[in-house]
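Novice: Encoded as structure tokens, here's the structure I'll be asking about.
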Amino acid sequence: MAKIKGAVVVDSEECKGCNLCVVACPTQTLSLNRNVNGKGYNFSYMENPDSCIGCSNCSLVCPDSCITVYRVKTA
Amino acid sequence: MAEITEALKNIIKPENIVSQKSSVLTNQTMHYCPGCSHGVIHKIIAEVINEMEIQEDTIGVAPVGCSVFAYNYIDIDWQEAAHGRAPALGTAINRLNPDKFVFTYQGDGDLAAIGTAETLHAVNRGENMVMVFVNNGIYGMTGGQMAPTTMQGQVTATTPYGRNIDLHGYPLKITEMLAQLPGACYVTRQSVETPAAVRKTKKAIRKAFENTKKKQGTSFVEVVSTCNSGWKMSPEASNNWMRDNMFPFYPIGDIKDGEKVNANDLPNVGK
Ligand SMILES: Cc1ncc(C[n+]2csc(CCOP(=O)(O)OP(=O)(O)O)c2C)c(N)n1
Ligand code: SF4
Ligand code: SF4
Ligand code: SF4
Ligand SMILES: [Mg+2]
């Protein structure tokens, strides 16, 4: 059965840690990092990369356009 | 932090990209507070310009307000208007360059307070342009003072006990007001707090720009927004507050969808 797998790459230096992507993610993939970036923000990252389905919800709501979303169909 | 596994490496390849930063946005970091709606709305406008392939033909007019630097972020031609005067400047640009796509971008203080006259008369003339109205219910830039759009009871820097209608007047539904004017062809109210809302706002802004091509009159898109700094809430709490308190008063959806009134349908005493 074909399965959809996704992944995101967050531009962690551009991220302002607003948390809106974390709230918008339907699969609890994202979380704010305990570490901070150069601006002092707890940046978003994939805490549970296995659960990402590449739906792009996170990137749609990100005000700073720092999320790139990838998606593949696996056999 | 999870390591980049082999499986992930196979997904994270250029050919598998389904969503990325719009090429019509510049590389400048936006000065907006974390979670500010302005960033999402800029992104949507950039994506629409990219999809319509009109980057070379679009002229924006930036306001005074937090979005005063919009010209640094969307990579098109811009002019910067004096406070509230964007629709007047947009009028001039549009009349000198009738084949360009002209849009104004304004906050509620800019559009519905100091610039009310310019707003109303531009729409009443049916200027062939798009007007984007970011209603966050407050003067964000200057520290969160009451705006005409502030909700009854809302605490702001200038209404520490909440907006009192007897004292401060009624919250202004300027979008409903503008929809009554013959020059407006498309008037809608949208929001950007969820992925579904972002998609709908993008459709609305796309439609507004398409109307420009058809020279239908003024297309007016309000986006009910948050100013989490001014409201003194987290971005997430601001979205919830907006949904609970602003949407019942500023309902989301189209208010008018058609064409400007045909002059031949009005009395003409010169004929
Ligand atoms: C002529 C003039 N009057 C007043 C100001 C001060 N001022 C700057 S921004 C602003 C209000 C901005 O509010 P809004 O349009 O809602 O934009 P926001 O920052 O909320 O996006 C005011 C009153 C000014 N810059 N120029
Ligand atoms: S693409 Fe979808 S599933 Fe993956 S992190 Fe973003 S919101 Fe979550
Ligand atoms: S929405 Fe964007 S800026 Fe906000 S935390 Fe997520 S990646 Fe960072
Ligand atoms: S003050 Fe309000 S409107 Fe201005 S950038 Fe901050 S959140 Fe956005
Ligand atoms: Mg405002």
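Identifiers in this document derive from the order of the structure tokens: chains are assigned A, B, ..., residues are numbered from 1 separately in each chain, and ligands are numbered from 1 in order of occurrence.
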Compile the residues of chain B that lie within 10 Å of chain A, evaluated using only C-alpha atoms, and express the compilation as a PyMOL selection string.
Specialist: chain B and resi 1-5+7-22+25+28-44+192-199+234-236+239
Novice: For ligand 1, return the neighbouring residues as a VMD selection string (distance at most 7 Å; only C-alpha atoms and all ligand atoms).
Specialist: chain B and resid 64 to 67 82 to 83 106 to 111 134 to 142 147 227
Novice: DSSP says strand (DSSP E) for which residues of chain A? Put them as a tab-separated table (two decimals) with all heavy atoms, in the first residue's frame?
Specialist:
chain	number	residue	atom	x	y	z
A	3	LYS	N	2.18	4.76	0.88
A	3	LYS	CA	2.12	5.49	2.14
A	3	LYS	C	2.75	6.87	1.93
A	3	LYS	O	3.73	7.01	1.21
A	3	LYS	CB	2.93	4.70	3.18
A	3	LYS	CG	2.37	4.82	4.57
A	3	LYS	CD	3.12	3.91	5.55
A	3	LYS	CE	3.04	4.56	6.91
A	3	LYS	NZ	4.26	4.85	7.55
A	4	ILE	N	2.13	7.88	2.54
A	4	ILE	CA	2.67	9.23	2.41
A	4	ILE	C	3.59	9.49	3.60
A	4	ILE	O	3.23	9.28	4.75
A	4	ILE	CB	1.53	10.27	2.43
A	4	ILE	CG1	0.51	10.01	1.33
A	4	ILE	CG2	2.10	11.69	2.34
A	4	ILE	CD1	0.96	10.35	-0.06
A	5	LYS	N	4.80	9.93	3.28
A	5	LYS	CA	5.73	10.31	4.34
A	5	LYS	C	6.17	11.75	4.11
A	5	LYS	O	6.36	12.17	2.98
A	5	LYS	CB	6.98	9.40	4.29
A	5	LYS	CG	6.81	8.05	4.94
A	5	LYS	CD	6.89	8.09	6.48
A	5	LYS	CE	8.18	8.74	7.00
A	5	LYS	NZ	7.97	9.30	8.37
A	6	GLY	N	6.30	12.46	5.18
A	6	GLY	CA	6.72	13.84	5.04
A	6	GLY	C	7.87	14.19	5.94
A	6	GLY	O	8.28	13.41	6.81
A	7	ALA	N	8.42	15.37	5.70
A	7	ALA	CA	9.47	15.91	6.57
A	7	ALA	C	9.48	17.42	6.39
A	7	ALA	O	9.07	17.92	5.35
A	7	ALA	CB	10.83	15.32	6.20
A	8	VAL	N	9.92	18.11	7.40
A	8	VAL	CA	10.07	19.56	7.25
A	8	VAL	C	11.48	19.97	7.65
A	8	VAL	O	12.14	19.30	8.44
A	8	VAL	CB	9.07	20.36	8.12
A	8	VAL	CG1	7.63	19.95	7.82
A	8	VAL	CG2	9.37	20.25	9.60
A	9	VAL	N	11.93	21.07	7.04
A	9	VAL	CA	13.18	21.68	7.47
A	9	VAL	C	12.85	23.10	7.93
A	9	VAL	O	12.26	23.87	7.16
A	9	VAL	CB	14.23	21.71	6.33
A	9	VAL	CG1	15.45	22.51	6.74
A	9	VAL	CG2	14.63	20.29	5.97
A	10	VAL	N	13.15	23.40	9.16
A	10	VAL	CA	12.88	24.74	9.70
A	10	VAL	C	14.15	25.56	9.61
A	10	VAL	O	15.23	25.08	9.99
A	10	VAL	CB	12.41	24.64	11.18
A	10	VAL	CG1	12.18	26.04	11.74
A	10	VAL	CG2	11.15	23.80	11.30
A	30	LEU	N	5.85	18.57	15.50
A	30	LEU	CA	6.72	19.70	15.84
A	30	LEU	C	6.68	20.05	17.33
A	30	LEU	O	5.73	19.78	18.04
A	30	LEU	CB	6.29	20.94	15.04
A	30	LEU	CG	6.34	20.81	13.52
A	30	LEU	CD1	5.67	22.01	12.86
A	30	LEU	CD2	7.78	20.66	13.04
A	31	SER	N	7.74	20.70	17.74
A	31	SER	CA	7.85	21.17	19.11
A	31	SER	C	8.83	22.34	19.11
A	31	SER	O	9.60	22.50	18.16
A	31	SER	CB	8.39	20.01	19.95
A	31	SER	OG	8.00	20.16	21.28
A	32	LEU	N	8.80	23.14	20.15
A	32	LEU	CA	9.82	24.18	20.26
A	32	LEU	C	11.04	23.61	20.97
A	32	LEU	O	10.90	22.92	21.99
A	32	LEU	CB	9.29	25.41	21.02
A	32	LEU	CG	8.17	26.20	20.33
A	32	LEU	CD1	7.91	27.51	21.08
A	32	LEU	CD2	8.46	26.49	18.86
A	33	ASN	N	12.20	23.90	20.42
A	33	ASN	CA	13.43	23.36	20.97
A	33	ASN	C	13.76	23.98	22.33
A	33	ASN	O	13.43	25.14	22.58
A	33	ASN	CB	14.58	23.65	20.00
A	33	ASN	CG	15.70	22.66	20.14
A	33	ASN	OD1	16.37	22.61	21.16
A	33	ASN	ND2	15.90	21.87	19.11
A	34	ARG	N	14.39	23.21	23.18
A	34	ARG	CA	14.81	23.77	24.48
A	34	ARG	C	15.95	24.76	24.29
A	34	ARG	O	16.14	25.68	25.07
A	34	ARG	CB	15.26	22.64	25.42
A	34	ARG	CG	14.11	21.76	25.89
A	34	ARG	CD	14.62	20.57	26.68
A	34	ARG	NE	15.42	20.97	27.82
A	34	ARG	CZ	16.50	20.30	28.26
A	34	ARG	NH1	16.89	19.21	27.63
A	34	ARG	NH2	17.17	20.72	29.31
A	35	ASN	N	16.71	24.56	23.21
A	35	ASN	CA	17.79	25.51	22.91
A	35	ASN	C	17.23	26.72	22.16
A	35	ASN	O	16.16	26.64	21.57
A	35	ASN	CB	18.85	24.83	22.04
A	35	ASN	CG	19.43	23.63	22.75
A	35	ASN	OD1	19.71	23.69	23.94
A	35	ASN	ND2	19.59	22.52	22.02
A	36	VAL	N	17.97	27.81	22.20
A	36	VAL	CA	17.53	29.00	21.48
A	36	VAL	C	18.45	29.30	20.30
A	36	VAL	O	19.61	28.86	20.29
A	36	VAL	CB	17.46	30.24	22.41
A	36	VAL	CG1	16.42	30.06	23.50
A	36	VAL	CG2	18.84	30.56	23.01
A	42	ASN	N	13.25	30.08	21.05
A	42	ASN	CA	13.18	28.62	21.04
A	42	ASN	C	12.59	28.21	19.69
A	42	ASN	O	11.39	28.34	19.48
A	42	ASN	CB	12.27	28.11	22.17
A	42	ASN	CG	12.81	28.47	23.53
A	42	ASN	OD1	12.44	29.50	24.10
A	42	ASN	ND2	13.69	27.65	24.05
A	43	PHE	N	13.45	27.74	18.81
A	43	PHE	CA	12.99	27.49	17.44
A	43	PHE	C	12.25	26.16	17.32
A	43	PHE	O	12.44	25.24	18.11
A	43	PHE	CB	14.19	27.52	16.47
A	43	PHE	CG	15.32	26.61	16.88
A	43	PHE	CD1	15.38	25.30	16.41
A	43	PHE	CD2	16.33	27.06	17.73
A	43	PHE	CE1	16.41	24.46	16.77
A	43	PHE	CE2	17.37	26.22	18.10
A	43	PHE	CZ	17.41	24.92	17.64
A	44	SER	N	11.40	26.10	16.30
A	44	SER	CA	10.60	24.91	16.04
A	44	SER	C	11.47	23.82	15.40
A	44	SER	O	12.38	24.12	14.63
A	44	SER	CB	9.47	25.30	15.09
A	44	SER	OG	8.77	24.17	14.65
A	45	TYR	N	11.19	22.57	15.71
A	45	TYR	CA	11.92	21.46	15.08
A	45	TYR	C	11.04	20.21	15.11
A	45	TYR	O	10.03	20.17	15.83
A	45	TYR	CB	13.25	21.20	15.79
A	45	TYR	CG	13.13	20.41	17.07
A	45	TYR	CD1	13.63	19.11	17.19
A	45	TYR	CD2	12.47	20.96	18.18
A	45	TYR	CE1	13.49	18.39	18.36
A	45	TYR	CE2	12.33	20.24	19.36
A	45	TYR	CZ	12.84	18.95	19.44
A	45	TYR	OH	12.69	18.25	20.60
A	46	MET	N	11.44	19.20	14.33
A	46	MET	CA	10.67	17.95	14.31
A	46	MET	C	11.06	17.11	15.53
A	46	MET	O	12.11	16.48	15.53
A	46	MET	CB	10.98	17.16	13.04
A	46	MET	CG	10.30	17.71	11.80
A	46	MET	SD	10.21	16.45	10.51
A	46	MET	CE	11.92	16.26	10.09
A	67	ILE	N	9.52	27.48	7.04
A	67	ILE	CA	9.39	26.02	6.97
A	67	ILE	C	9.33	25.56	5.51
A	67	ILE	O	8.52	26.04	4.73
A	67	ILE	CB	8.14	25.52	7.71
A	67	ILE	CG1	8.15	26.04	9.16
A	67	ILE	CG2	8.05	24.00	7.67
A	67	ILE	CD1	6.97	25.58	9.99
A	68	THR	N	10.20	24.64	5.16
A	68	THR	CA	10.13	23.96	3.86
A	68	THR	C	9.58	22.56	4.11
A	68	THR	O	10.04	21.87	5.03
A	68	THR	CB	11.53	23.86	3.22
A	68	THR	OG1	12.09	25.18	3.17
A	68	THR	CG2	11.44	23.30	1.81
A	69	VAL	N	8.57	22.18	3.32
A	69	VAL	CA	7.92	20.88	3.53
A	69	VAL	C	8.24	19.95	2.36
A	69	VAL	O	8.18	20.35	1.20
A	69	VAL	CB	6.38	21.05	3.67
A	69	VAL	CG1	5.72	19.71	3.96
A	69	VAL	CG2	6.04	22.07	4.75
A	70	TYR	N	8.54	18.72	2.71
A	70	TYR	CA	8.86	17.67	1.72
A	70	TYR	C	7.87	16.53	1.88
A	70	TYR	O	7.42	16.24	2.99
A	70	TYR	CB	10.27	17.13	1.95
A	70	TYR	CG	11.35	18.16	1.87
A	70	TYR	CD1	11.62	19.01	2.94
A	70	TYR	CD2	12.12	18.30	0.70
A	70	TYR	CE1	12.61	19.98	2.87
A	70	TYR	CE2	13.12	19.27	0.62
A	70	TYR	CZ	13.36	20.10	1.71
A	70	TYR	OH	14.34	21.05	1.63
A	71	ARG	N	7.54	15.88	0.76
A	71	ARG	CA	6.60	14.75	0.85
A	71	ARG	C	6.95	13.71	-0.20
A	71	ARG	O	7.27	14.05	-1.34
A	71	ARG	CB	5.16	15.24	0.63
A	71	ARG	CG	4.11	14.19	0.95
A	71	ARG	CD	2.71	14.76	0.94
A	71	ARG	NE	2.45	15.44	-0.33
A	71	ARG	CZ	1.46	16.32	-0.52
A	71	ARG	NH1	0.65	16.63	0.46
A	71	ARG	NH2	1.29	16.87	-1.70
A	72	VAL	N	6.86	12.47	0.20
A	72	VAL	CA	7.08	11.37	-0.75
A	72	VAL	C	6.01	10.31	-0.56
A	72	VAL	O	5.43	10.16	0.52
A	72	VAL	CB	8.46	10.68	-0.57
A	72	VAL	CG1	9.59	11.58	-1.00
A	72	VAL	CG2	8.65	10.22	0.87
A	73	LYS	N	5.77	9.58	-1.65
A	73	LYS	CA	4.89	8.41	-1.58
A	73	LYS	C	5.82	7.20	-1.55
A	73	LYS	O	6.67	7.05	-2.42
A	73	LYS	CB	4.04	8.32	-2.85
A	73	LYS	CG	2.59	8.69	-2.62
A	73	LYS	CD	1.79	8.33	-3.86
A	73	LYS	CE	0.49	9.10	-3.86
A	73	LYS	NZ	-0.07	9.23	-5.19
A	74	THR	N	5.68	6.36	-0.54
A	74	THR	CA	6.51	5.16	-0.51
A	74	THR	C	5.63	3.95	-0.79
A	74	THR	O	4.45	3.94	-0.44
A	74	THR	CB	7.20	4.98	0.85
A	74	THR	OG1	6.20	5.01	1.86
A	74	THR	CG2	8.22	6.08	1.11
Novice: Can you tell me which residues surround segment 170-175 of chain B at a distance of at most 10 Å, considering only C-alpha atoms, apart from same-chain residues fewer than 5 positions away, and format the answer as a list in words?
Specialist: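 In the requested format, the answer is Asp108, Leu111, Ala112, Ala113, Thr116, Thr119, Leu120, Phe133, Gly137, Ala147, Pro148, Thr149, Thr150, Met151, Gln152, Arg163, Asn164, Ile165, Gln180, Val187, Thr188, Arg189, Phe220, Val221, Glu222, Phe249, Tyr250 and Ile255 of chain B.
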Novice: Smallest atom-to-atom distance to Ser219 of chain B: which of B:Asp57, B:Glu127, B:Asp75, B:Asp265, using only C-alpha atoms?
Specialist: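 Distance minimum relative to Ser219 of chain B lands on B:Glu127.
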Novice: Write out as a PyMOL selection string which residues come within 10 Å of Asn94 of chain B when counting only C-alpha atoms, dropping same-chain ones fewer than 3 positions away.
Specialist: chain B and resi 59+88-91+97-103+127-129
Novice: Go through B:Ser225, B:Gln216, B:Thr58, B:Asn50 and flag the residue nearest ligand 4, using only C-alpha atoms and all ligand atoms for the distances.
Specialist: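 Result for the nearest residue to ligand 4: B:Ser225.
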Novice: From the set B:Pro160, B:Pro63, B:Gly169, B:Gly126, which residue has the shortest atom-to-atom contact distance to ligand 5, counting only C-alpha atoms and all ligand atoms?
Specialist: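 Comparing B:Pro160, B:Pro63, B:Gly169, B:Gly126 against ligand 5, the winner is B:Pro63.
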Novice: Taking only C-alpha atoms and all ligand atoms into account, name the residue in B:Gln190, B:Thr158, B:Gln145, B:Asn211 that is nearest to ligand 5.
Specialist: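 Answer, going by the shortest atom-to-atom distance: B:Gln145.
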Novice: From the DSSP assignment of the backbone, select every residue of segment 107-250 of chain B that is helix (DSSP H, G or I), and format the answer as a ChimeraX atom specification.
Specialist: /B:108-114,116-124,165-168,174-179,195-214,228-231,235-246
Novice: Have a look at B:Lys232, B:Lys260, B:Arg85, B:Lys200 and name the one nearest to ligand 4; count only C-alpha atoms and all ligand atoms.
Specialist: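 The answer is B:Lys232, which sits nearest to ligand 4.
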